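Asker: Here's a structure for you.
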Amino acid sequence: MSLLELAGVRAAYNGITVLHGVDLSVAAGQVVALLGPNGAGKTTVLKVASGVHPPSGGRLLLGGRDATGIRPGDLARAGVCLVPEGRGVFPNLSVRDNLLMMTFTGRTREEIEESAYARFPVLGRRRTQHAGTLSGGEQQMLALARGLATDPAVLLLDELSMGLAPLVVAELYERVAGIARQGVAVLVVEQFATAVLKIADHAAVLVRGRVQWQGHPDSSLHAELSSYYLGSAT
Amino acid sequence: MDQFLAFTVVGLSTAAIYAVIGSGLVLTHTTAGVFNFAHGAAGMLAAFAYWQLAVGWRWPVPLALAAVLLVLAPAFGLLVERVLMRPVQALGEAERLVMTVALLTGCIALARWVWDPNTARPLTPFFADRPALRLGPAAVTWHQAVTTAVAVAVAAGLWFLLHRTRAGTEMRACVDDRALAGLTGADPLRAGRLAWVLGIQLAAVGGILIAPAVALDAQQLSLLIVSAYTAAVFGRLRSLPFTFLGAVVVGLLEAYLAGYLPQNDYLPGLRLAAPALLLLLALLAFPHRRLRGRDRRLVPVPLPGRRGALILAAAIPGLALVLVTVLAEDSLVPYGTVFALGVVALSYVPLAGFAGQVSLCQMSIAGIGAVVWGHLGAHGEPWALPAAVLVAAAVGALVAVPALRLSGIYLALGTTAFAVILDRWIFTLPAFDVLGVRIALFDQGSVTVTGPDLFGLHLTSPAQLLLLAAVCLGLASLGVVALRRGRFGRRLIALRDSEAAYATLGGRLLGAKVAVFALSAGIAGLGGALYGMQLQTVTADQFNLVAGLPLFLIAVIAGLGSVGAGLFTGVAFVVPTQLLGELGTWAQDLSALLIALAGMGLAHSPSGVITRLRAEWAPPARDRLLLGAAGVVLAGCWLLAALDAVNGWLLLAVALVAATAPRIRAAARRQGTVETPPEWWGVRRPWRPEDGEVLSRATAAG
């Protein structure tokens, strides 16, 4: 059964529609990669799924129940965790205080810090440093650690690879695969497909607000992708 | 030695008050993301309210304290958050800063309105009936002891709140990234409310503690806070222990200067200006920038067209001509300041609008222009006017050098400090000699200013000076348009958008900043000289920090990027005050309050009222017939008024109706047409040049 489901989701900014009915579902333990060129609406899909942007049509289902229009804070309590695009950290807060922000799920500060530092030891060494002074990769680790600290049921990752070295990206995605194996539903948005397709069970290609292709990430996807990215598709 | 100890005790108890107020500033800055210029003013209102309850209505002291601190202050905090701060939350730091300036002017106006400034309102210190405590040779009054205890308790409590509780972390997180904070279960609205309630409560504590030590005066109490600014800057606006240290430094410095500074004509002002000097030094010594989150938006700078600029430049002397023919002789002087103050306001446009440098000392620089003209042009020598402009420009260039290290609110604070140093020290100096040159400022009183000799004419009557000011404003506006359209204007905007990018593209930061500061100071100096001519005598008070704040506020509301901001500010600053003034003296403070309330409108049109008015007036301006008809009616009104045939108020009403009729008609017409959905732009209606921008903004805004 799918844990997260978007059914015919439409979304608009200032009256301009960017999603024209998106259907997408992610089951527990599954990694779904959402790919597509610039401006396709990938980030908007995540914003709708995390409740940050209310959809103008369609429904958001969580574990089969309607979750459309629920506030982001409440969705987060229900187990939906968004790691936003590029440096999703509070720059003027220390690493510890960034982690403290996750105590809303009922776990104590100590538990959260312990699990985060176990996953990413470098964060433990920098616990009193302002998050804005960390390197890009460390900030991304902090964002990920903060998301994982709450044991989410659904993990939404936006452009995890942005601005990071390929080695770091590969390592981060290895960890994401490990998290999915524990039964978490993971939806990953990426523009650079190679890294994420190594771990994805399912892939969808979003073009101009519509899902143009979805299925198992095999060689046919690469042909599809290059046609969308390089512009030969209509 | 005993004397030294006594000064130390006095200094430390003042330091305790500064520590309370400074901690409040740090709290508001870290939890609400804004440097609250009105922090002292909120404390001042609290002190007045406390006086009203405890002395005016004879409530018992504990009850009055509880009412102010637990009911009135939180209610005021909630009001400020809801009405002033929440609407501008999505805008930049500069806009939030402007709202606190609006709050500052509003609080002062409100206090003057409610509590007559000419009545003395003594407040007794706390536990005044108990004998002082002896600490060795020094005596500590109970008030001083209570103040110190409160300061320590506040500092400890705040530190715990900010660094050890989730509520404190939530408030700080919301300043960094509201959307992300929402994702982590925080409620940004609740955090904002809590931040403002606590901030205003702390301001109230500080106000009530400091009020017995000084006179209960709205402006003085509001500006005492400059010392607390210094303390907060020592703490880089985020560290409470360093704020405490800063407060001790400032408090002791003030006490020792009061005790040991030799008495002569030149130095008493230095004692008053010492906190501001220290503020300037602290700003330069402890540079700090908030690590930037993702919340940052820049307001676009409109590009004025040649035709529009010529129309504006012609309309200004046109308006002056109408005023000269319509107004009675005695109201020409107050209305004449429209154009002179308009020139001062225009100086904000290149500096703050194009280059993004928020300066709050333009009025002080205008004062320098007025004084230089008053002394050098005492017999109307025409060369003295360029000299006044040049001296003002030189002072502006001087301000620019420290400004190189400062930006945003730190620059606003630095220029505030500069204005306060001028107000409290430089402007109060008697004439002195530097390298054989005799420098006279306000001569500890007032300076007589006369009109210039131009083309063989000695301009002295109010009407002549009004026309001169209008011509100057028109020419200066044209000059600023040329600047905006030229290479230097583009460079300034690049500088505002990103200093780093500007420098990497080969721009010289120092050169550009000095040039724009000097240029705008020159404009302000010209404005000051013209203002002085209108008033005929000038005093330092007319050019102090508080006098300049409403002007800045209106210029921001008008839209700093628009060249029309000069004229708009002059009109909006002078005309409502004059019209309301005819109703009675009580209405004058009301008009000051109105200016502050207008700041709230900023949230609805962040790029300024002028841009909005332009958009609303563009369609009716194309309707030649209607425009012609309105023009004929207006011309008729003018003729009748010039002949003094009909009542002035009636004519004003008719003129206003005639002027707004085309816009109302155009708005009604537009309502009739159905808005085309974006998908059909270019198909069902022609593609407009701005459509591409609208679309890309809408889709990239998320």
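Chain lettering (A, B, ...) mirrors the order of the structure tokens, residue numbering begins at 1 for each chain separately, and ligand numbering begins at 1 in order of display.
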Give me, as CSV, each residue of chain B that comes within 6 Å of chain A, together with its shortest interatomic pair and the distance in Å at one decimal, counting only C-alpha atoms, with rows ordered by chain and rising residue number.
Answerer:
```
residue,atom,partner,partner_atom,distance
B:Asp176,CA,A:Phe90,CA,5.5
B:Gly182,CA,A:Gly73,CA,5.4
B:Leu183,CA,A:Gly73,CA,5.1
B:Thr184,CA,A:Met102,CA,6.0
B:Gly185,CA,A:Gly73,CA,4.1
B:Leu291,CA,A:Asn92,CA,5.9
B:Ala698,CA,A:Tyr13,CA,5.9
```
Asker: Excluding same-chain residues fewer than 2 positions from stretch 212-214 of chain A, what lies within 12 Å of it counting only C-alpha atoms, as a ChimeraX atom specification?
Answerer: /A:20-25,32-37,40,201-210,216-218,220-225,227-228,233-234
Asker: Report, in Å to a single decimal, how far apart atom CA of A:Pro54 and atom CA of A:Glu159 are.
Answerer: 21.0 Å
Asker: Pick from B:Gly408, B:Gly506, B:Gly566, B:Pro131: nearest to B:Ala476, with only C-alpha atoms counted?
Answerer: B:Gly566
Asker: Looking only at alpha helix (DSSP H) from DSSP on the backbone, list the matching residues of chain A as a ChimeraX atom specification.
Answerer: /A:42-49,72-77,95-100,109-119,121-125,136-148,166-181,193-197,219-230
Asker: Considering only C-alpha atoms, return as a PyMOL selection string whatever protein or nucleic-acid residues lie within 9 Å of B:Val101, sequence-local ones (same chain, fewer than 6 positions apart) excluded.
Answerer: chain B and resi 36-38+549-550+552-553+596+599
Asker: List the neighbours of stretch 57-62 of chain A out to 8 Å using only C-alpha atoms; skip same-chain residues closer than 4 positions along the sequence, and give me the result as a ChimeraX atom specification.
Answerer: /A:3-11,21,48-49,66-68
Asker: Store the residues of this selection in a file with C-alpha atoms, as a compact mmCIF listing (two decimals), in the first residue's frame.
Answerer:
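Output file out.txt is given in full below:
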```txt
# COMPACT_ATOMS: atom_id res chain seq x y z
CA LEU A 3 2.11 5.65 2.18
CA LEU A 4 2.17 8.95 0.32
CA GLU A 5 -0.14 9.59 -2.59
CA LEU A 6 -0.82 12.63 -4.72
CA ALA A 7 -4.02 12.36 -6.74
CA GLY A 8 -4.63 14.86 -9.54
CA VAL A 9 -2.77 17.61 -7.68
CA ARG A 10 -2.93 21.04 -9.24
CA ALA A 11 -1.01 24.00 -7.86
CA GLY A 21 -2.90 17.23 -12.23
CA VAL A 48 2.39 20.35 -1.74
CA ALA A 49 3.34 17.00 -0.21
CA ASP A 66 -6.99 12.61 3.17
CA ALA A 67 -4.36 15.08 4.35
CA THR A 68 -5.11 17.97 1.96
```
Asker: Going by DSSP on the backbone, which bits of stretch 27-223 of chain A are strand (DSSP E or B)? Write them as a PyMOL selection string, please.
Answerer: chain A and resi 27+31-35+57-62+65-66+80-83+94+130+154-158+185-190+202-207+210-215
Asker: Extract, using only C-alpha atoms, all DNA, RNA and protein residues at most 10 Å from A:Lys198, discarding same-chain residues fewer than 6 positions from it, and format them as a PyMOL selection string.
Answerer: chain A and resi 170+173-174+177+217
Asker: Which neighbours of stretch 261-266 of chain B fall inside 10 Å, counting only C-alpha atoms, when residues of the same chain fewer than 3 positions from it are skipped, and could you give them as a list in words?
Answerer: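 In the requested form, the answer reads Ala255, Tyr256, Leu257, Ala258, Gly269, Leu270, Arg271, Trp425, Ile426, Thr428, Leu429, Pro430, Ala431 and Phe432 of chain B.
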Asker: Taking into account only C-alpha atoms, which residue in the set B:Gly22, B:Gly106, B:Gly336, B:Pro317 is nearest to B:Val250?
Answerer: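 Selected residue with least distance to B:Val250: B:Gly22.
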Asker: So how many Å separate atom CA of B:Arg624 and atom CA of B:Ala565, to one decimal?
Answerer: 26.0 Å
Asker: Excluding B:Ala355 and any residue of its chain fewer than 4 positions from it, enumerate the residues within 12 Å of it, using only C-alpha atoms, and give them as an MDAnalysis selection string.
Answerer: chainID B and resid 298 301 347:351 359 407:408 483:484 488:499 502 509 512:517 519:520 560:561
